[in-house]
file upload-v5.txt (compact mmCIF, C-alpha atoms)
# COMPACT_ATOMS: atom_id res chain seq x y z
CA LEU P 1 -8.30 -7.00 16.24
CA GLN P 2 -8.31 -7.73 19.95
CA TYR P 3 -10.17 -5.89 22.69
CA LEU P 4 -10.38 -5.60 26.46
CA SER P 5 -13.83 -6.01 28.04
CA GLY P 6 -15.69 -3.77 30.47
CA PHE P 7 -17.10 -0.27 30.83
CA GLY P 8 -14.95 2.16 32.84
CA ASN P 9 -12.59 -0.57 34.04
CA GLU P 10 -8.99 -0.04 35.10
CA HIS P 11 -7.28 -1.65 32.11
CA VAL P 12 -3.62 -2.38 31.40
CA SER P 13 -2.24 -3.09 27.94
CA GLU P 14 1.18 -3.57 26.33
CA ASP P 15 2.05 -4.08 22.69
CA PRO P 16 3.37 -7.68 22.69
CA ARG P 17 6.44 -6.54 20.75
CA CYS P 18 7.66 -4.81 23.93
CA PRO P 19 6.88 -7.01 26.95
CA GLY P 20 7.38 -5.26 30.28
CA ALA P 21 6.85 -1.78 28.83
CA LEU P 22 4.58 -0.82 31.74
CA PRO P 23 6.54 0.40 34.77
CA GLU P 24 6.05 -1.71 37.88
CA GLY P 25 4.79 -0.15 41.09
CA GLN P 26 4.69 3.47 39.92
CA ASN P 27 3.45 5.65 37.08
CA ASN P 28 6.38 7.94 36.41
CA PRO P 29 9.81 6.36 37.05
CA GLN P 30 13.00 8.33 36.51
CA VAL P 31 13.67 6.17 33.46
CA CYS P 32 10.82 4.26 31.82
CA PRO P 33 11.34 0.79 30.27
CA TYR P 34 12.62 0.86 26.67
CA GLY P 35 13.47 4.54 27.05
CA LEU P 36 9.82 5.58 26.72
CA TYR P 37 8.23 8.83 27.89
CA ALA P 38 5.45 8.76 30.51
CA GLU P 39 2.44 10.98 29.77
CA GLN P 40 -0.85 11.25 31.67
CA LEU P 41 -4.13 11.96 29.86
CA SER P 42 -6.67 13.36 32.33
CA GLY P 43 -10.39 13.17 31.62
CA SER P 44 -11.49 14.74 34.91
CA ALA P 45 -10.25 17.15 37.54
CA PHE P 46 -7.55 15.61 39.72
CA THR P 47 -9.76 16.08 42.80
CA CYS P 48 -12.92 14.39 41.45
CA PRO P 49 -14.37 11.66 43.68
CA ARG P 50 -12.93 8.24 42.89
CA PRO P 51 -16.04 6.93 41.04
CA THR P 52 -15.82 9.81 38.54
CA ASN P 53 -12.04 10.25 38.39
CA LYS P 54 -10.76 9.44 34.90
CA ARG P 55 -7.16 9.25 33.71
CA SER P 56 -4.79 7.02 31.80
CA TRP P 57 -1.00 6.81 31.67
CA LEU P 58 0.55 6.44 28.22
CA TYR P 59 4.12 5.22 27.61
CA ARG P 60 5.23 6.56 24.27
CA ILE P 61 8.25 6.92 22.02
CA LEU P 62 7.92 10.72 21.94
CA PRO P 63 5.55 12.85 24.04
CA SER P 64 2.65 14.54 22.29
CA VAL P 65 4.11 17.99 23.04
CA CYS P 66 6.55 17.69 20.12
CA HIS P 67 4.78 19.64 17.37
CA LYS P 68 4.86 23.01 15.62
CA PRO P 69 2.39 25.74 16.67
CA PHE P 70 -1.29 25.32 15.81
CA LYS P 71 -2.79 27.44 13.06
CA PRO P 72 -6.46 27.86 12.06
CA LEU P 73 -7.73 25.20 9.65
CA LYS P 74 -10.53 26.17 7.27
CA GLU P 75 -12.09 22.77 6.71
CA GLY P 76 -15.32 20.95 7.43
CA HIS P 77 -18.57 22.63 8.39
CA LEU P 78 -18.40 22.75 12.19
CA THR P 79 -20.01 25.52 14.20
CA HIS P 80 -21.40 26.35 17.62
CA ASP P 81 -22.96 29.61 16.46
CA TRP P 82 -26.56 28.80 17.30
CA ASP P 83 -27.76 32.29 16.32
CA GLU P 84 -26.71 32.25 12.65
CA ILE P 85 -30.31 31.66 11.59
CA GLU P 86 -33.75 32.19 13.16
CA PRO P 87 -35.00 29.34 15.37
CA ASP P 88 -37.56 26.94 13.92
CA PRO P 89 -40.01 25.18 16.29
CA ASN P 90 -41.54 22.99 13.57
CA GLN P 91 -41.22 19.23 13.32
CA LEU P 92 -38.16 18.77 11.11
CA ARG P 93 -37.12 15.80 9.02
CA TRP P 94 -34.15 15.33 6.73
CA LYS P 95 -33.79 13.05 3.74
CA PRO P 96 -30.63 10.89 3.72
CA PHE P 97 -27.57 13.13 3.73
CA GLU P 98 -25.68 12.95 0.45
CA ILE P 99 -22.22 11.40 0.29
CA PRO P 100 -19.98 13.01 -2.37
CA LYS P 101 -18.38 10.78 -4.98
CA ALA P 102 -14.62 10.40 -4.53
CA SER P 103 -14.13 11.07 -8.23
CA GLN P 104 -15.73 14.50 -7.79
CA ASN P 105 -14.65 15.55 -4.29
CA LYS P 106 -12.35 13.58 -2.00
CA MET P 107 -13.55 14.03 1.54
CA ASP P 108 -12.25 12.37 4.71
CA PHE P 109 -13.81 12.21 8.17
CA VAL P 110 -12.66 15.70 9.20
CA SER P 111 -13.54 17.51 6.00
CA GLY P 112 -16.89 15.67 5.98
CA LEU P 113 -18.05 16.89 9.40
CA HIS P 114 -21.22 19.02 9.33
CA THR P 115 -22.93 20.46 12.41
CA LEU P 116 -26.70 19.96 12.23
CA CYS P 117 -27.94 21.32 15.56
CA GLY P 118 -26.90 21.95 19.14
CA ALA P 119 -26.98 24.17 22.20
CA GLY P 120 -24.60 25.47 24.82
CA GLU P 121 -21.03 26.57 24.48
CA PRO P 122 -17.76 24.65 24.70
CA ARG P 123 -15.92 27.38 26.59
CA GLY P 124 -18.50 27.19 29.35
CA ARG P 125 -18.21 23.37 29.35
CA ASN P 126 -21.96 22.82 29.07
CA GLY P 127 -23.73 21.83 25.88
CA ILE P 128 -24.11 19.37 23.04
CA ALA P 129 -23.91 19.27 19.26
CA VAL P 130 -25.24 16.83 16.68
CA HIS P 131 -23.01 16.38 13.64
CA ILE P 132 -23.39 14.44 10.41
CA PHE P 133 -20.29 12.95 8.78
CA VAL P 134 -20.07 11.97 5.12
CA CYS P 135 -16.77 10.82 3.63
CA ASN P 136 -15.26 8.74 0.86
CA THR P 137 -11.54 8.60 1.64
CA SER P 138 -9.34 7.74 4.60
CA MET P 139 -7.43 10.15 6.80
CA ILE P 140 -3.81 9.88 5.67
CA ASP P 141 -1.00 11.21 7.88
CA ARG P 142 -3.38 13.26 9.95
CA CYS P 143 -5.37 12.79 13.15
CA LEU P 144 -8.05 14.65 15.08
CA TYR P 145 -8.59 15.27 18.76
CA ASN P 146 -11.48 17.07 20.41
CA SER P 147 -10.53 19.56 23.12
CA ASP P 148 -14.20 20.49 23.63
CA GLY P 149 -15.80 17.19 24.59
CA ASP P 150 -16.62 13.57 23.77
CA PHE P 151 -17.69 12.18 20.39
CA LEU P 152 -20.28 9.37 20.33
CA ILE P 153 -20.01 8.08 16.75
CA VAL P 154 -22.85 6.14 15.09
CA PRO P 155 -21.85 4.77 11.65
CA GLN P 156 -24.81 4.24 9.33
CA GLN P 157 -23.17 3.26 6.03
CA GLY P 158 -19.67 1.84 5.70
CA LYS P 159 -17.37 0.57 8.41
CA LEU P 160 -14.75 2.66 10.21
CA LEU P 161 -11.28 1.44 11.11
CA ILE P 162 -10.36 3.86 13.87
CA THR P 163 -6.77 4.13 15.02
CA THR P 164 -6.31 5.74 18.43
CA GLU P 165 -3.42 6.29 20.81
CA PHE P 166 -4.76 3.28 22.73
CA GLY P 167 -5.00 0.94 19.73
CA LYS P 168 -7.33 0.12 16.84
CA MET P 169 -11.10 -0.42 16.69
CA LEU P 170 -13.25 -1.62 13.80
CA VAL P 171 -16.69 -0.02 14.10
CA GLU P 172 -19.45 -1.16 11.73
CA PRO P 173 -23.08 -0.08 11.29
CA ASN P 174 -25.12 -1.27 14.30
CA GLU P 175 -22.11 -0.55 16.51
CA ILE P 176 -21.18 2.71 18.20
CA CYS P 177 -17.93 4.04 19.59
CA VAL P 178 -16.99 6.83 21.97
CA ILE P 179 -13.80 8.86 21.54
CA GLN P 180 -13.41 10.83 24.73
CA GLN P 181 -12.07 14.35 25.12
CA GLY P 182 -8.44 14.80 24.09
CA MET P 183 -7.90 11.38 22.49
CA ARG P 184 -6.18 11.48 19.09
CA PHE P 185 -7.70 9.31 16.39
CA SER P 186 -7.75 8.72 12.63
CA VAL P 187 -10.54 7.17 10.56
CA GLU P 188 -9.94 4.79 7.66
CA VAL P 189 -12.93 4.08 5.40
CA PHE P 190 -13.57 1.57 2.62
CA GLY P 191 -15.86 3.50 0.30
CA GLU P 192 -18.75 5.89 0.68
CA THR P 193 -19.39 6.31 4.40
CA ARG P 194 -21.97 8.18 6.48
CA GLY P 195 -23.05 8.48 10.07
CA TYR P 196 -24.08 10.58 13.05
CA ILE P 197 -22.16 12.09 15.97
CA LEU P 198 -23.40 13.22 19.36
CA GLU P 199 -20.88 15.57 20.99
CA VAL P 200 -21.16 16.52 24.67
CA TYR P 201 -19.27 19.33 26.38
CA GLY P 202 -18.54 19.16 30.10
CA ALA P 203 -19.65 15.62 30.87
CA HIS P 204 -18.69 12.06 29.98
CA PHE P 205 -21.03 9.27 28.97
CA GLU P 206 -21.86 6.67 31.59
CA LEU P 207 -24.24 3.76 32.00
CA PRO P 208 -27.68 4.74 33.29
CA ASP P 209 -28.71 3.65 36.77
CA LEU P 210 -30.94 0.58 36.74
CA GLY P 211 -33.03 1.23 39.87
CA PRO P 212 -35.84 -1.36 40.27
CA ILE P 213 -34.61 -3.23 37.16
CA GLY P 214 -31.87 -4.65 39.37
CA ALA P 215 -28.28 -5.60 38.71
CA ASN P 216 -28.62 -6.66 35.07
CA GLY P 217 -30.21 -5.26 31.96
CA LEU P 218 -30.01 -2.61 29.24
CA ALA P 219 -26.37 -2.24 28.13
CA ASN P 220 -24.27 -4.58 30.24
CA PRO P 221 -20.77 -3.35 31.20
CA ARG P 222 -18.94 -6.43 29.95
CA ASP P 223 -20.13 -5.84 26.37
CA PHE P 224 -18.15 -2.60 25.99
CA LEU P 225 -14.82 -3.18 24.26
CA VAL P 226 -11.57 -1.22 24.57
CA PRO P 227 -8.69 -1.50 22.07
CA VAL P 228 -5.36 -3.05 23.04
CA ALA P 229 -2.04 -1.24 22.79
CA TRP P 230 -0.54 -0.96 19.31
CA TYR P 231 2.26 1.34 18.24
CA GLU P 232 4.09 2.45 15.14
CA ASP P 233 7.55 4.00 15.28
CA ARG P 234 7.15 5.90 12.03
CA GLN P 235 8.81 9.08 10.87
CA VAL P 236 6.83 11.32 8.52
CA PRO P 237 9.33 13.63 6.82
CA GLY P 238 6.60 15.28 4.75
CA GLY P 239 4.78 16.26 7.92
CA TYR P 240 2.05 14.66 10.00
CA THR P 241 -0.96 16.91 10.67
CA VAL P 242 -2.50 16.98 14.14
CA ILE P 243 -5.94 18.63 14.09
CA SER P 244 -7.49 20.04 17.25
CA LYS P 245 -11.15 20.92 17.64
CA TYR P 246 -10.80 23.78 20.11
CA GLN P 247 -13.59 26.14 21.20
CA GLY P 248 -15.66 24.94 18.27
CA LYS P 249 -13.07 25.61 15.58
CA LEU P 250 -10.38 23.50 13.90
CA PHE P 251 -6.65 24.12 14.22
CA ALA P 252 -3.76 22.19 12.64
CA ALA P 253 -0.18 21.59 13.77
CA GLN P 254 2.65 19.77 12.01
CA GLN P 255 5.00 17.14 13.41
CA ASP P 256 7.41 14.72 11.78
CA TYR P 257 6.28 11.46 13.44
CA SER P 258 3.16 9.36 13.92
CA PRO P 259 1.18 10.13 17.10
CA TYR P 260 0.33 6.43 17.43
CA ASN P 261 3.60 5.71 19.22
CA VAL P 262 2.12 4.51 22.51
CA VAL P 263 3.80 1.21 23.39
CA ALA P 264 1.81 0.57 26.58
CA TRP P 265 -0.87 2.22 28.67
CA HIS P 266 -2.95 1.74 31.80
CA GLY P 267 -5.98 3.52 33.23
CA ASN P 268 -9.74 3.96 33.02
CA TYR P 269 -9.93 6.80 30.47
CA THR P 270 -10.09 5.09 27.09
CA PRO P 271 -11.97 4.95 23.80
CA TYR P 272 -14.51 2.15 23.58
CA LYS P 273 -17.10 0.55 21.32
CA TYR P 274 -20.39 -1.32 21.78
CA HIS P 275 -22.56 -3.51 19.55
CA LEU P 276 -26.23 -2.49 19.73
CA GLU P 277 -27.41 -6.10 19.33
CA LYS P 278 -26.02 -6.76 22.83
CA PHE P 279 -28.66 -4.49 24.40
CA MET P 280 -30.99 -6.32 26.83
CA VAL P 281 -34.43 -4.85 26.15
CA ILE P 282 -36.84 -4.12 29.00
CA ASN P 283 -40.48 -3.61 28.00
CA ALA P 284 -44.12 -3.60 29.14
CA VAL P 285 -45.61 -7.10 29.40
CA ALA P 286 -49.12 -6.26 30.64
CA PHE P 287 -50.56 -3.01 29.28
CA ASP P 288 -49.67 0.53 28.20
CA HIS P 289 -46.54 1.87 26.58
CA ALA P 290 -43.37 2.32 28.65
CA ASP P 291 -41.45 5.57 28.26
CA PRO P 292 -38.46 5.48 25.86
CA SER P 293 -36.04 5.94 28.77
CA ILE P 294 -36.12 2.14 29.12
CA PHE P 295 -34.04 2.01 25.92
CA THR P 296 -31.17 4.22 27.18
CA VAL P 297 -27.72 2.87 26.29
CA LEU P 298 -25.56 5.73 27.60
CA THR P 299 -26.24 8.97 29.42
CA ALA P 300 -24.31 12.17 30.08
CA LYS P 301 -25.71 13.60 33.31
CA THR P 302 -26.27 17.16 34.49
CA THR P 303 -26.04 18.32 38.10
CA ARG P 304 -29.84 17.96 38.37
CA ALA P 305 -30.81 14.47 39.47
CA GLY P 306 -32.44 12.48 36.69
CA VAL P 307 -32.00 15.19 34.03
CA ALA P 308 -29.60 14.33 31.23
CA LEU P 309 -27.41 16.66 29.24
CA ALA P 310 -27.76 13.96 26.60
CA ASP P 311 -29.04 10.39 26.38
CA PHE P 312 -28.29 7.89 23.65
CA VAL P 313 -31.41 5.75 23.18
CA ILE P 314 -32.08 2.91 20.73
CA PHE P 315 -35.22 1.14 19.48
CA PRO P 316 -34.05 -2.42 18.82
CA PRO P 317 -35.95 -5.51 17.66
CA ARG P 318 -38.18 -6.83 20.45
CA TRP P 319 -41.51 -8.44 21.28
CA GLY P 320 -44.70 -6.43 21.70
CA VAL P 321 -47.25 -8.13 23.95
CA ALA P 322 -49.18 -5.36 25.74
CA ASN P 323 -52.92 -5.97 26.09
CA ASN P 324 -55.60 -3.42 25.19
CA THR P 325 -52.82 -1.02 24.17
CA PHE P 326 -51.99 1.21 21.23
CA ARG P 327 -48.53 -0.23 20.70
CA PRO P 328 -46.60 2.29 18.57
CA PRO P 329 -45.17 5.39 20.30
CA TYR P 330 -47.93 7.61 21.63
CA TYR P 331 -48.56 11.25 20.67
CA HIS P 332 -46.30 13.36 22.73
CA ARG P 333 -45.05 16.80 23.74
CA ASN P 334 -41.78 16.71 25.61
CA CYS P 335 -39.72 19.09 27.75
CA MET P 336 -36.66 17.45 26.13
CA SER P 337 -35.29 17.80 22.58
CA GLU P 338 -35.32 14.63 20.47
CA PHE P 339 -33.12 14.04 17.44
CA MET P 340 -33.74 10.70 15.76
CA GLY P 341 -31.67 8.81 13.20
CA LEU P 342 -32.12 5.52 11.41
CA ILE P 343 -29.28 3.06 10.84
CA LYS P 344 -31.30 0.49 8.89
CA GLY P 345 -34.82 -0.71 8.20
CA HIS P 346 -38.14 1.12 8.70
CA TYR P 347 -39.05 2.91 11.92
CA GLU P 348 -42.33 1.53 13.29
CA ALA P 349 -44.13 4.89 13.71
CA LYS P 350 -43.21 6.26 10.27
CA GLU P 351 -42.50 3.58 7.71
CA GLU P 352 -42.48 6.07 4.84
CA GLY P 353 -40.33 9.17 4.59
CA PHE P 354 -38.01 8.50 7.54
CA GLN P 355 -35.07 6.80 5.83
CA PRO P 356 -31.68 5.35 6.83
CA GLY P 357 -29.07 8.08 6.74
CA GLY P 358 -31.63 10.81 7.36
CA GLY P 359 -32.95 12.22 10.61
CA SER P 360 -35.65 14.15 12.42
CA LEU P 361 -35.76 16.75 15.18
CA HIS P 362 -38.73 17.27 17.49
CA SER P 363 -37.88 20.29 19.60
CA MET P 364 -39.05 21.14 23.09
CA MET P 365 -42.84 20.98 23.37
CA THR P 366 -43.29 20.46 19.63
CA PRO P 367 -45.97 17.75 19.26
CA HIS P 368 -45.11 14.57 17.41
CA GLY P 369 -46.14 10.94 17.11
CA PRO P 370 -47.24 8.27 14.63
CA ASP P 371 -48.26 9.30 11.14
CA ALA P 372 -51.87 8.85 10.04
CA ASP P 373 -51.29 5.49 8.35
CA CYS P 374 -49.56 4.04 11.41
CA PHE P 375 -52.37 5.25 13.69
CA GLU P 376 -55.12 3.68 11.61
CA LYS P 377 -53.32 0.33 11.27
CA ALA P 378 -52.37 0.09 14.96
CA SER P 379 -55.87 1.05 16.10
CA LYS P 380 -57.39 -1.88 14.19
CA ALA P 381 -54.62 -4.47 14.56
CA LYS P 382 -55.30 -7.80 16.22
CA LEU P 383 -53.53 -7.73 19.58
CA GLU P 384 -51.31 -10.77 19.79
CA PRO P 385 -47.61 -11.21 20.52
CA GLU P 386 -45.69 -9.70 17.63
CA ARG P 387 -42.12 -8.93 16.70
CA VAL P 388 -41.44 -5.21 16.58
CA ALA P 389 -38.66 -3.55 14.57
CA ASP P 390 -37.09 -6.72 13.13
CA GLY P 391 -34.37 -5.72 10.68
CA THR P 392 -34.47 -2.15 11.99
CA MET P 393 -32.33 0.02 14.25
CA ALA P 394 -33.49 3.54 15.02
CA PHE P 395 -31.90 5.68 17.70
CA MET P 396 -32.43 8.96 19.51
CA PHE P 397 -30.14 11.67 20.87
CA GLU P 398 -32.26 13.24 23.63
CA SER P 399 -31.24 16.37 25.53
CA SER P 400 -32.58 18.67 28.24
CA LEU P 401 -31.23 21.59 26.18
CA SER P 402 -33.26 23.45 23.56
CA LEU P 403 -31.45 22.71 20.29
CA ALA P 404 -30.92 25.26 17.53
CA VAL P 405 -30.55 24.10 13.93
CA THR P 406 -27.67 25.44 11.85
CA LYS P 407 -27.94 27.21 8.53
CA TRP P 408 -26.37 24.11 6.95
CA GLY P 409 -29.14 21.97 8.43
CA LEU P 410 -32.02 24.21 7.38
CA GLN P 411 -30.73 25.48 4.04
CA THR P 412 -27.28 24.59 2.72
CA SER P 413 -27.58 20.80 2.97
CA ASN P 414 -30.72 20.92 0.81
CA ARG P 415 -31.96 17.76 2.56
CA LEU P 416 -34.77 19.20 4.67
CA ASP P 417 -38.09 17.49 3.92
CA LYS P 418 -40.47 20.43 3.63
CA ASN P 419 -43.48 18.11 3.39
CA TYR P 420 -42.92 16.38 6.73
CA TYR P 421 -45.94 18.03 8.38
CA LYS P 422 -48.21 16.45 5.79
CA CYS P 423 -47.86 12.96 7.31
CA TRP P 424 -50.29 14.05 10.08
CA GLU P 425 -52.78 15.90 7.88
CA PRO P 426 -54.92 12.79 7.13
CA LEU P 427 -55.60 12.27 10.86
CA LYS P 428 -59.35 12.62 11.38
CA SER P 429 -61.70 12.85 14.32
CA HIS P 430 -63.22 9.59 15.55
CA PHE P 431 -65.14 11.35 18.31
CA ASN P 432 -68.69 10.09 18.91
CA PRO P 433 -70.41 11.40 22.08
CA LYS P 434 -72.94 8.53 21.91
CA CYS P 435 -70.30 5.78 21.89
CA LYS P 436 -68.23 5.33 25.04

call {"tool": "encode", "arguments": {"input": "upload-v5.txt", "output": "structure tokens"}}
result
Amino acid sequence: LQYLSGFGNEHVSEDPRCPGALPEGQNNPQVCPYGLYAEQLSGSAFTCPRPTNKRSWLYRILPSVCHKPFKPLKEGHLTHDWDEIEPDPNQLRWKPFEIPKASQNKMDFVSGLHTLCGAGEPRGRNGIAVHIFVCNTSMIDRCLYNSDGDFLIVPQQGKLLITTEFGKMLVEPNEICVIQQGMRFSVEVFGETRGYILEVYGAHFELPDLGPIGANGLANPRDFLVPVAWYEDRQVPGGYTVISKYQGKLFAAQQDYSPYNVVAWHGNYTPYKYHLEKFMVINAVAFDHADPSIFTVLTAKTTRAGVALADFVIFPPRWGVANNTFRPPYYHRNCMSEFMGLIKGHYEAKEEGFQPGGGSLHSMMTPHGPDADCFEKASKAKLEPERVADGTMAFMFESSLSLAVTKWGLQTSNRLDKNYYKCWEPLKSHFNPKCK
């Protein structure tokens, strides 16, 4: 697979089988090359300022309007009903989410979507949702597009071959991809597959500002990859299913051709992927513990300066060198909501219990921090340069919204670790008024 490089760039791409498929000098000629149809996909209002204006032009064999009417689809476990169960302010942790065996229950990416928590409302274009996907079979002759917002997809087990209208991407664990609002895609898997999704309504992900860091650091723009044009001119007499996530529910429409019939495209509104090993870590090199915002890969901003609708944060392998410092994450109460997941390895603050494929949620102002074992070890450790998190990749979805957990998350999934609170019970007082 080939890719184009750069975050938010104005890209152009043609399938090499049809050279010259992009019109020259204009977007919408009276007759397009090769008899193609011109179609614009808008990711922002037409009148947005140039830096935030997002759109791409697609040149396709048939326009996407050619389909039968949409009808409700009862599939998957998606919801944005945040009142279906009483709120729970406790520290929450989930064991690895179970992947069904294909021999017992064939489940593709769409049917394997489960909403875990969220806030806000897609009709009001302000909010987020955290979903878990578990699947064991590929999407065949059907695609999904999200009318509500963007999907940031974090595979944890199994690789995803994602076909989009813009081309194909292979996304493996320790990589992420973003499928932006309205983009049609299908997911092919190669066995039992699991991962996490951060969905945002009303905003797109962007790179965080660097401020005093300067021009380079964190996730560098050139490391984001965009697929190149690829088309199939394929009729599907038995019916191709186009699934729309619309106002939080799924709807399905039938058409008799593949939607991946885009021969060429140009624009700055595209799907993209990123490898987490490319992240340039910034960290404290004298004393104290820097805030986790230094590990932000992507952010979806609100209208309030410096306050994110959602941040995607990672905790990659790095050096710890701080002097006279308790090096693991400090005890903390936060005005933000923090959902954490683990792709691989053992998270430094909780080496037991927090497992790859599971997760945790520390809600607004709910205290959290290292377990008792981690505290005792770090308090007595010899302070010398050490590698932190080798062989590990934990991440966090952080939001300024107060997240509600779904009934599936608290009950139906049967993965909630009801003993999570016990990891802090062994903490004991070391207070001695005679010893400063």

call {"tool": "residues_around", "arguments": {"input": "upload-v5.txt", "residues": "Ser337 of chain P", "least_positions_apart": "5", "cutoff": "8 Å", "atoms": "only C-alpha atoms", "output": "list in words"}}
result
Leu361, His362, Ser363, Met364, Glu398, Ser399, Ser400, Leu401, Ser402 and Leu403 of chain P

call {"tool": "closest_residue", "arguments": {"input": "upload-v5.txt", "among": "P:Glu84, P:Glu188, P:Glu39, P:Asp15", "to": "Gly267 of chain P", "atoms": "only C-alpha atoms"}}
result
P:Glu39

call {"tool": "closest_residue", "arguments": {"input": "upload-v5.txt", "among": "P:Met280, P:Ala404, P:Leu92, P:Leu78", "to": "Pro367 of chain P", "atoms": "all atoms listed in the file"}}
result
P:Leu92

call {"tool": "closest_residue", "arguments": {"input": "upload-v5.txt", "among": "P:Gly195, P:Pro221, P:Gly409, P:Pro72", "to": "Thr115 of chain P", "atoms": "only C-alpha atoms"}}
result
P:Gly409

call {"tool": "residues_near_point", "arguments": {"input": "upload-v5.txt", "point": "(-13.9, 26.1, 24.2)", "cutoff": "8 Å", "atoms": "only C-alpha atoms", "output": "PyMOL selection string"}}
result
chain P and resi 121-125+147-148+246-248

call {"tool": "atom_distance", "arguments": {"input": "upload-v5.txt", "atom1": "atom CA of Pro227 of chain P", "atom2": "atom CA of Val200 of chain P"}}
result
22.1 Å

call {"tool": "axis_aligned_box", "arguments": {"input": "upload-v5.txt", "around": "segment 4-11 of chain P", "padding_each_side": "6 Å", "output": "AutoDock Vina command-line options"}}
result
--center_x -12.2 --center_y -1.9 --center_z 30.8 --size_x 21.8 --size_y 20.2 --size_z 20.6

call {"tool": "residues_around", "arguments": {"input": "upload-v5.txt", "residues": "Val313 of chain P", "least_positions_apart": "3", "cutoff": "12 Å", "atoms": "all atoms listed in the file", "output": "PyMOL selection string"}}
result
chain P and resi 154+176+198+207-208+218-219+276+279+281+291-300+308+310+316+338-342+393-399
